[in-house]
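Below: one structure, written as structure tokens.
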Amino acid sequence: MLVAKRPNHNFAKIQPPVEKSAAFPVLKFIFRLKKMAAPDELFCWEGDWDLPSVSTDCLVVLAYAQFAGAPLKLRKICNPWRSPGGSLPALRTNQNETLSRPSDIIIHLRKQKFNADFDLSAKEGADSLAFISLLEEKLMPALIYTFWVEPKNYVEVTRRWYAEHMMFPLNFFLPGRMQSRQLEKLRLLRGDEHLEAGEELEKELYRDAAECMNLLSQRLGSHKFFFGDSPSSLDAYVFGHLAPILKCRLPNGKLQQHLKSLDNLSDFCSNILLLYFPRDGREPSAQKAPAAPEAGDFDNVPNKRRKQLLSALFALGAMLSYALLTGMVSIQHGHQEALEEPPDPEHIGAHEEEGDG
Amino acid sequence: MSLAAEAFVSQMAAAEPWPENATLYQPLKDHQILLSDHASSLSVQAYLRMCGLPVQVVCRYNAEYMSPSGKIPFIHVGNQVVSELGPIVQFTKAKGHSLSDSLDDVQRAEMKAYMELVYNMLLTSELFVQWCDDATAAEISRPRYSSPYSWPLGNILAYQKQWEVRRKMNAIGWGGKTLEQVYEDVNQCCQALSQRLGTQPYFFNKQATELDALVFGHLFTILTTRLTSTELAERVKSYSNLLSFCRRIEQIYFDDKKLMKD
């Protein structure tokens, strides 16, 4: 019931604007037709803030699938327990395998001949791998910090978003559990067991992240994409890591400020959103527009009726059990007691005799 | 290293020239140091030799606990202690010794990216093979790591280290990988490095940079260290330009003492 089925735009049948291998269009078309019979299913976090998904890993996979023109059946959900791998993103292939690492999913798509890196030379492929490592080592820790560890950002934006989008009992503990997992990851990455949010750590992480963004900006220069005119997997990774920083309005927005000062990188992100995710840009704003007058309070909660009913039931249950436990109300088992009451005198007598003997 | 300390260090560093008695600390070479630590230590030694800065290598069994960041190796210069290649490069730069000044912006971005590639794939694979492959951990890593300590302490420290590395692998999504997949990652990384190097003498043509030092340290250590299986070295050996790159750097910068036994 949680799976947000969107029959009209679930099916990502987008053609890439630049056809990668024009050499065998017919073969490719036949191949694609064959695949369409049973497309792979991709489970992703729902989108917000004008993004197709809120999670970096999901964005990477979504962007790659769009670049390569892979026909995936897209399921945007807000409950990681609904995903076949227990985490998001997850790709369920038509052989019923489940992949959850973005790199594994990209390799799988590549094997299905949906290859966005087809035109890259060997050296460009090597450069891609190097810059993806740069993102994972330098930008990833800062992303974890800014969304999950920085107290103000976490409480006001991240936790609130996840709590509002998850269903009733999960929203109380899953965001907290996700946070402790991210914090643990950051601690292990930094090799510091007792790492806490603080000015010193923030400065260090943001300095690395800013350096990484500068290097990316220098590498990109005035090109439209990192390697020529068509996007590749590196573009998908860069987009996935930078788009949340660019689009999410956080109370502590130092990373966003820095990214906005690098014109070519922020244009790069907006360009990809415009070209490959035109629907996601409009959809949330269209939803928000009518809700704007009453958006002053917390009224725009999904499944409001059901949540109200559930909370009423929960409160009722709590009051009843309190009343029962303290003895304000007691239930008389009148009928049963009546049956049990008359003890069997003969039987007891027999027992006593046995005891004596 | 904290930012304030770093700013202080670079200020201090600029004031003083490189002293004659600089020392580099690492664990005991013969029966304690592990593959990944040796690779990091050799990278720093290669870097300092490329800069022409003399350093004396000292082996201490507690080097890991002496290091300010808990990582191997660290250098003791004048009255300052700096650990790991990245901060050491910053430190020497403050003293006016740099290998990457002649690169342009794009080249510097690429150099940094390839250095992260080595950390992200090669170093992580070394740690994985060392601590997550049961045979290697039982026969080599745990006995060597615990060798300086007496009975219960050595075992406790070794298992603690193994536990920490495994948790890290799980956190970065490497937990479910098999040894074969990790070898494939090493292969992929070497392929990328080999492609980038091509037929040039160094990664950025004529001049050695910190990237060359880092790659040399790791590849040379992988090639010359005996593990339970030779698989890791075999993956590197299939790239002939990387092999000759290692040999060339050894000849040019480590001529005084032969590192490669065969």
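Ordering of the structure tokens sets the chain letters (A, B, ...); residue numbers start at 1 within each chain; ligands are numbered from 1 in the order shown.
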Would you give me, as JSON lines, each residue of chain B having an atom within 6 Å of an atom of chain A, along with its shortest atom pair and that distance in Å to one decimal, using only C-alpha atoms and sorting by chain and residue number?
{"residue": "B:Val106", "atom": "CA", "partner": "A:Arg219", "partner_atom": "CA", "distance": 5.3}
{"residue": "B:Ala109", "atom": "CA", "partner": "A:Leu215", "partner_atom": "CA", "distance": 4.8}
{"residue": "B:Ala113", "atom": "CA", "partner": "A:Ala130", "partner_atom": "CA", "distance": 5.0}
{"residue": "B:Tyr114", "atom": "CA", "partner": "A:Ala130", "partner_atom": "CA", "distance": 4.9}
{"residue": "B:Glu116", "atom": "CA", "partner": "A:Leu134", "partner_atom": "CA", "distance": 5.2}
{"residue": "B:Leu117", "atom": "CA", "partner": "A:Ala130", "partner_atom": "CA", "distance": 4.9}
{"residue": "B:Asn120", "atom": "CA", "partner": "A:Ser133", "partner_atom": "CA", "distance": 5.9}
{"residue": "B:Lys168", "atom": "CA", "partner": "A:Leu188", "partner_atom": "CA", "distance": 5.4}
{"residue": "B:Ala171", "atom": "CA", "partner": "A:Lys185", "partner_atom": "CA", "distance": 5.3}
{"residue": "B:Ala192", "atom": "CA", "partner": "A:Ala126", "partner_atom": "CA", "distance": 4.2}
{"residue": "B:Gln195", "atom": "CA", "partner": "A:Lys123", "partner_atom": "CA", "distance": 5.5}
{"residue": "B:Arg196", "atom": "CA", "partner": "A:Lys123", "partner_atom": "CA", "distance": 5.8}
Find the spatial neighbours of His223 in chain A, counting only C-alpha atoms, within a cut-off of 12 Å - ignore same-chain residues fewer than 4 positions away - and output them as a VMD selection string. chain A and resid 216 to 219 227 to 231 235 264 to 265 267 to 268 271
Can you write out the residues you just picked, keeping C-alpha atoms, as a JSON list (two decimals), in the first residue's frame?
[["chain", "number", "residue", "atom", "x", "y", "z"],
["A", 216, "LEU", "CA", 35.78, 19.08, -10.48],
["A", 217, "SER", "CA", 35.03, 22.59, -11.66],
["A", 218, "GLN", "CA", 38.54, 22.89, -13.09],
["A", 219, "ARG", "CA", 38.23, 19.54, -14.83],
["A", 227, "PHE", "CA", 33.77, 13.92, -21.63],
["A", 228, "GLY", "CA", 32.47, 15.70, -24.71],
["A", 229, "ASP", "CA", 28.86, 16.25, -25.63],
["A", 230, "SER", "CA", 27.16, 13.24, -24.13],
["A", 231, "PRO", "CA", 26.93, 12.25, -20.46],
["A", 235, "ASP", "CA", 28.50, 12.72, -14.95],
["A", 264, "ASN", "CA", 29.97, 25.81, -14.32],
["A", 265, "LEU", "CA", 29.26, 23.06, -11.76],
["A", 267, "ASP", "CA", 24.90, 24.97, -14.29],
["A", 268, "PHE", "CA", 25.97, 21.39, -14.97],
["A", 271, "ASN", "CA", 21.25, 21.32, -17.00]]
Discussion item. I'd like the contact shell of range 241-251 of chain B - 8 Å cut-off, only C-alpha atoms, skipping same-chain residues fewer than 4 positions apart - returned as a list in words.
Written reply: Leu193, Ser194, Leu197, Gly198, Thr199, Pro201, Tyr202, Phe216, Leu219, Phe220, Val236, Lys237, Asp255 and Leu259 of chain B
Could you write out the selected residues, including N, CA, C and O atoms, as a PDB file, in the first residue's frame?
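Dumped to result_7.pdb:
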ATOM      1  N   LEU B 193      45.538   2.932 -13.996  1.00  0.00           N
ATOM      2  CA  LEU B 193      46.858   3.549 -13.820  1.00  0.00           C
ATOM      3  C   LEU B 193      47.721   3.322 -15.047  1.00  0.00           C
ATOM      4  O   LEU B 193      48.414   4.214 -15.524  1.00  0.00           O
ATOM      5  N   SER B 194      47.668   2.096 -15.565  1.00  0.00           N
ATOM      6  CA  SER B 194      48.464   1.753 -16.738  1.00  0.00           C
ATOM      7  C   SER B 194      48.061   2.596 -17.943  1.00  0.00           C
ATOM      8  O   SER B 194      48.911   3.094 -18.688  1.00  0.00           O
ATOM      9  N   LEU B 197      49.347   6.111 -17.429  1.00  0.00           N
ATOM     10  CA  LEU B 197      50.797   6.219 -17.567  1.00  0.00           C
ATOM     11  C   LEU B 197      51.218   6.122 -19.030  1.00  0.00           C
ATOM     12  O   LEU B 197      52.049   6.892 -19.496  1.00  0.00           O
ATOM     13  N   GLY B 198      50.613   5.185 -19.745  1.00  0.00           N
ATOM     14  CA  GLY B 198      50.976   4.997 -21.146  1.00  0.00           C
ATOM     15  C   GLY B 198      52.453   4.719 -21.291  1.00  0.00           C
ATOM     16  O   GLY B 198      53.010   3.898 -20.569  1.00  0.00           O
ATOM     17  N   THR B 199      53.101   5.434 -22.193  1.00  0.00           N
ATOM     18  CA  THR B 199      54.538   5.210 -22.403  1.00  0.00           C
ATOM     19  C   THR B 199      55.391   6.305 -21.775  1.00  0.00           C
ATOM     20  O   THR B 199      56.588   6.381 -22.022  1.00  0.00           O
ATOM     21  N   PRO B 201      57.485   8.415 -18.915  1.00  0.00           N
ATOM     22  CA  PRO B 201      58.313   7.961 -17.783  1.00  0.00           C
ATOM     23  C   PRO B 201      57.610   8.152 -16.439  1.00  0.00           C
ATOM     24  O   PRO B 201      57.755   7.334 -15.535  1.00  0.00           O
ATOM     25  N   TYR B 202      56.864   9.239 -16.287  1.00  0.00           N
ATOM     26  CA  TYR B 202      56.096   9.486 -15.070  1.00  0.00           C
ATOM     27  C   TYR B 202      54.670   9.824 -15.463  1.00  0.00           C
ATOM     28  O   TYR B 202      54.388  10.064 -16.626  1.00  0.00           O
ATOM     29  N   PHE B 216      54.149   4.157  -6.756  1.00  0.00           N
ATOM     30  CA  PHE B 216      55.340   3.332  -6.588  1.00  0.00           C
ATOM     31  C   PHE B 216      55.289   2.586  -5.255  1.00  0.00           C
ATOM     32  O   PHE B 216      55.493   1.373  -5.199  1.00  0.00           O
ATOM     33  N   LEU B 219      52.503  -0.280  -5.480  1.00  0.00           N
ATOM     34  CA  LEU B 219      52.749  -1.362  -6.440  1.00  0.00           C
ATOM     35  C   LEU B 219      54.012  -2.125  -6.076  1.00  0.00           C
ATOM     36  O   LEU B 219      54.050  -3.353  -6.123  1.00  0.00           O
ATOM     37  N   PHE B 220      55.069  -1.401  -5.705  1.00  0.00           N
ATOM     38  CA  PHE B 220      56.323  -2.063  -5.368  1.00  0.00           C
ATOM     39  C   PHE B 220      56.142  -3.002  -4.179  1.00  0.00           C
ATOM     40  O   PHE B 220      56.637  -4.130  -4.175  1.00  0.00           O
ATOM     41  N   VAL B 236      49.096  -7.269 -10.756  1.00  0.00           N
ATOM     42  CA  VAL B 236      49.913  -6.101 -11.104  1.00  0.00           C
ATOM     43  C   VAL B 236      50.886  -6.445 -12.223  1.00  0.00           C
ATOM     44  O   VAL B 236      51.135  -5.637 -13.108  1.00  0.00           O
ATOM     45  N   LYS B 237      51.415  -7.683 -12.176  1.00  0.00           N
ATOM     46  CA  LYS B 237      52.456  -8.070 -13.132  1.00  0.00           C
ATOM     47  C   LYS B 237      51.983  -8.087 -14.571  1.00  0.00           C
ATOM     48  O   LYS B 237      52.786  -8.060 -15.497  1.00  0.00           O
ATOM     49  N   ASP B 255      68.838   3.850  -5.305  1.00  0.00           N
ATOM     50  CA  ASP B 255      69.974   3.133  -5.859  1.00  0.00           C
ATOM     51  C   ASP B 255      70.902   2.610  -4.761  1.00  0.00           C
ATOM     52  O   ASP B 255      71.496   1.551  -4.890  1.00  0.00           O
ATOM     53  N   LEU B 259      66.143  -2.620  -3.161  1.00  0.00           N
ATOM     54  CA  LEU B 259      64.889  -3.002  -2.521  1.00  0.00           C
ATOM     55  C   LEU B 259      64.368  -4.313  -3.089  1.00  0.00           C
ATOM     56  O   LEU B 259      63.874  -5.177  -2.399  1.00  0.00           O
TER      57      LEU B 259
END
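Take CA of Ser102 in chain B and CA of Val81 in chain B: the distance between them is 27.7 Å.
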Checklist entry - In terms of the shortest atom-to-atom distance over only C-alpha atoms, which of B:Gln130, B:Ser147, B:Ser41, B:Gln160 is closest to Leu227 in chain B? => result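 Of all the options, B:Gln130 lies closest to Leu227 in chain B.
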query: Taking only C-alpha atoms into account, which of B:Gln207, B:Thr23, B:Gln32, B:Thr224 comes nearest Ala158 in chain B?
result: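 Looking only at the distances to Ala158 in chain B, the closest residue turns out to be B:Gln32.
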### Task
Determine the nearest neighbour of Ser87 in chain A from the options B:Glu164, B:Gly173, B:Val215, B:Ile252, counting only C-alpha atoms.
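Result for the nearest residue to Ser87 in chain A: B:Gly173.
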Expected answer as a PyMOL selection string: helix (DSSP H, G or I) residues in range 1-244 of chain A: chain A and resi 25-36+56-68+80-82+102-111+122-149+151-165+170-190+199-220+233-244
Quick one: residues within 10 Å of range 176-182 of chain B, only C-alpha atoms, excluding same-chain residues fewer than 4 positions away - as number ranges by chain?
B: 121-122, 124-126, 128-129, 132-133, 169-170, 186-188, 231-232
Those same residues, written as a short mmCIF file (atom, residue, chain, number, x, y, z; two decimals), in the first residue's frame with all heavy atoms?
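New file result14.cif:
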data_model
loop_
_atom_site.label_atom_id
_atom_site.label_comp_id
_atom_site.auth_asym_id
_atom_site.auth_seq_id
_atom_site.Cartn_x
_atom_site.Cartn_y
_atom_site.Cartn_z
N MET B 121 40.84 2.35 -3.96
CA MET B 121 40.78 0.98 -4.47
C MET B 121 41.98 0.14 -4.04
O MET B 121 41.81 -0.97 -3.54
CB MET B 121 40.63 0.98 -5.98
CG MET B 121 39.28 1.53 -6.39
SD MET B 121 38.96 1.42 -8.12
CE MET B 121 38.31 -0.22 -8.27
N LEU B 122 43.19 0.66 -4.22
CA LEU B 122 44.36 -0.17 -3.94
C LEU B 122 44.55 -0.37 -2.44
O LEU B 122 44.69 -1.50 -1.95
CB LEU B 122 45.60 0.49 -4.56
CG LEU B 122 46.63 -0.43 -5.21
CD1 LEU B 122 45.97 -1.44 -6.09
CD2 LEU B 122 47.63 0.40 -6.00
N THR B 124 42.37 0.07 -0.01
CA THR B 124 41.25 -0.67 0.57
C THR B 124 41.37 -2.16 0.23
O THR B 124 41.08 -3.01 1.08
CB THR B 124 39.92 -0.10 0.05
OG1 THR B 124 39.99 1.31 0.08
CG2 THR B 124 38.77 -0.55 0.91
N SER B 125 41.81 -2.47 -0.99
CA SER B 125 41.98 -3.89 -1.35
C SER B 125 43.06 -4.53 -0.51
O SER B 125 42.92 -5.69 -0.09
CB SER B 125 42.36 -4.03 -2.83
OG SER B 125 41.42 -3.39 -3.63
N GLU B 126 44.16 -3.80 -0.27
CA GLU B 126 45.23 -4.35 0.57
C GLU B 126 44.70 -4.66 1.97
O GLU B 126 44.96 -5.74 2.51
CB GLU B 126 46.38 -3.34 0.68
CG GLU B 126 47.20 -3.19 -0.59
CD GLU B 126 48.10 -1.96 -0.57
OE1 GLU B 126 48.15 -1.27 0.47
OE2 GLU B 126 48.73 -1.69 -1.59
N PHE B 128 41.64 -5.24 2.76
CA PHE B 128 40.68 -6.35 2.66
C PHE B 128 41.42 -7.68 2.65
O PHE B 128 41.09 -8.61 3.39
CB PHE B 128 39.85 -6.19 1.39
CG PHE B 128 38.73 -7.20 1.28
CD1 PHE B 128 37.45 -6.87 1.68
CD2 PHE B 128 38.97 -8.47 0.77
CE1 PHE B 128 36.42 -7.80 1.59
CE2 PHE B 128 37.95 -9.40 0.68
CZ PHE B 128 36.68 -9.06 1.09
N VAL B 129 42.44 -7.79 1.78
CA VAL B 129 43.17 -9.06 1.68
C VAL B 129 43.83 -9.39 3.03
O VAL B 129 43.79 -10.50 3.51
CB VAL B 129 44.23 -8.98 0.56
CG1 VAL B 129 45.12 -10.22 0.56
CG2 VAL B 129 43.55 -8.83 -0.78
N CYS B 132 40.43 -9.44 5.89
CA CYS B 132 39.14 -10.08 5.65
C CYS B 132 39.28 -11.44 4.98
O CYS B 132 38.32 -12.21 4.94
CB CYS B 132 38.23 -9.19 4.82
SG CYS B 132 37.92 -7.62 5.61
N ASP B 133 40.44 -11.77 4.44
CA ASP B 133 40.68 -13.10 3.94
C ASP B 133 41.18 -13.93 5.12
O ASP B 133 42.22 -13.63 5.70
CB ASP B 133 41.72 -13.07 2.82
CG ASP B 133 42.13 -14.47 2.40
OD1 ASP B 133 41.24 -15.35 2.38
OD2 ASP B 133 43.32 -14.68 2.13
N MET B 169 34.90 -2.14 6.32
CA MET B 169 34.53 -2.73 5.02
C MET B 169 33.02 -2.80 4.88
O MET B 169 32.46 -2.50 3.82
CB MET B 169 35.12 -4.14 4.90
CG MET B 169 36.62 -4.17 4.82
SD MET B 169 37.22 -3.38 3.32
CE MET B 169 38.87 -2.98 3.77
N ASN B 170 32.33 -3.19 5.98
CA ASN B 170 30.88 -3.24 5.91
C ASN B 170 30.29 -1.87 5.68
O ASN B 170 29.34 -1.71 4.91
CB ASN B 170 30.31 -3.82 7.23
CG ASN B 170 30.50 -5.31 7.30
OD1 ASN B 170 30.54 -5.99 6.28
ND2 ASN B 170 30.65 -5.83 8.50
N VAL B 186 41.42 -4.60 -7.95
CA VAL B 186 42.84 -4.27 -8.07
C VAL B 186 43.21 -4.21 -9.55
O VAL B 186 43.89 -3.29 -10.01
CB VAL B 186 43.71 -5.31 -7.34
CG1 VAL B 186 45.18 -5.08 -7.62
CG2 VAL B 186 43.45 -5.27 -5.85
N ASN B 187 42.71 -5.19 -10.27
CA ASN B 187 42.98 -5.26 -11.70
C ASN B 187 42.48 -4.01 -12.42
O ASN B 187 43.19 -3.39 -13.22
CB ASN B 187 42.28 -6.51 -12.26
CG ASN B 187 42.74 -6.83 -13.65
OD1 ASN B 187 43.87 -6.52 -14.01
ND2 ASN B 187 41.87 -7.44 -14.44
N GLN B 188 41.26 -3.61 -12.05
CA GLN B 188 40.63 -2.43 -12.67
C GLN B 188 41.45 -1.17 -12.36
O GLN B 188 41.68 -0.33 -13.23
CB GLN B 188 39.24 -2.27 -12.08
CG GLN B 188 38.21 -1.80 -13.07
CD GLN B 188 36.90 -1.56 -12.38
OE1 GLN B 188 36.65 -2.00 -11.25
NE2 GLN B 188 36.04 -0.83 -13.05
N GLU B 231 48.31 -14.14 -5.96
CA GLU B 231 47.28 -13.60 -6.84
C GLU B 231 47.37 -12.07 -6.98
O GLU B 231 47.31 -11.54 -8.09
CB GLU B 231 45.91 -13.99 -6.30
CG GLU B 231 44.77 -13.83 -7.27
CD GLU B 231 44.80 -14.86 -8.39
OE1 GLU B 231 45.53 -15.88 -8.26
OE2 GLU B 231 44.11 -14.65 -9.37
N LEU B 232 47.55 -11.39 -5.84
CA LEU B 232 47.58 -9.94 -5.84
C LEU B 232 48.73 -9.42 -6.73
O LEU B 232 48.53 -8.55 -7.57
CB LEU B 232 47.76 -9.44 -4.40
CG LEU B 232 47.37 -8.01 -4.08
CD1 LEU B 232 45.92 -7.75 -4.43
CD2 LEU B 232 47.60 -7.72 -2.60
#
One number please: CA of Leu174 in chain A to CA of Arg306 in chain A, in Å, one decimal.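 Separating CA of Leu174 in chain A from CA of Arg306 in chain A is a distance of 19.5 Å.
Across the structure, CA of Ser100 in chain B and CA of Met115 in chain B are spaced 12.9 Å apart.
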Contacts of Lys161 in chain B within 9 Å, only C-alpha atoms, excl. fewer than 4 positions in-chain, as number ranges by chain = B: 131, 142, 145, 156-157, 165-166
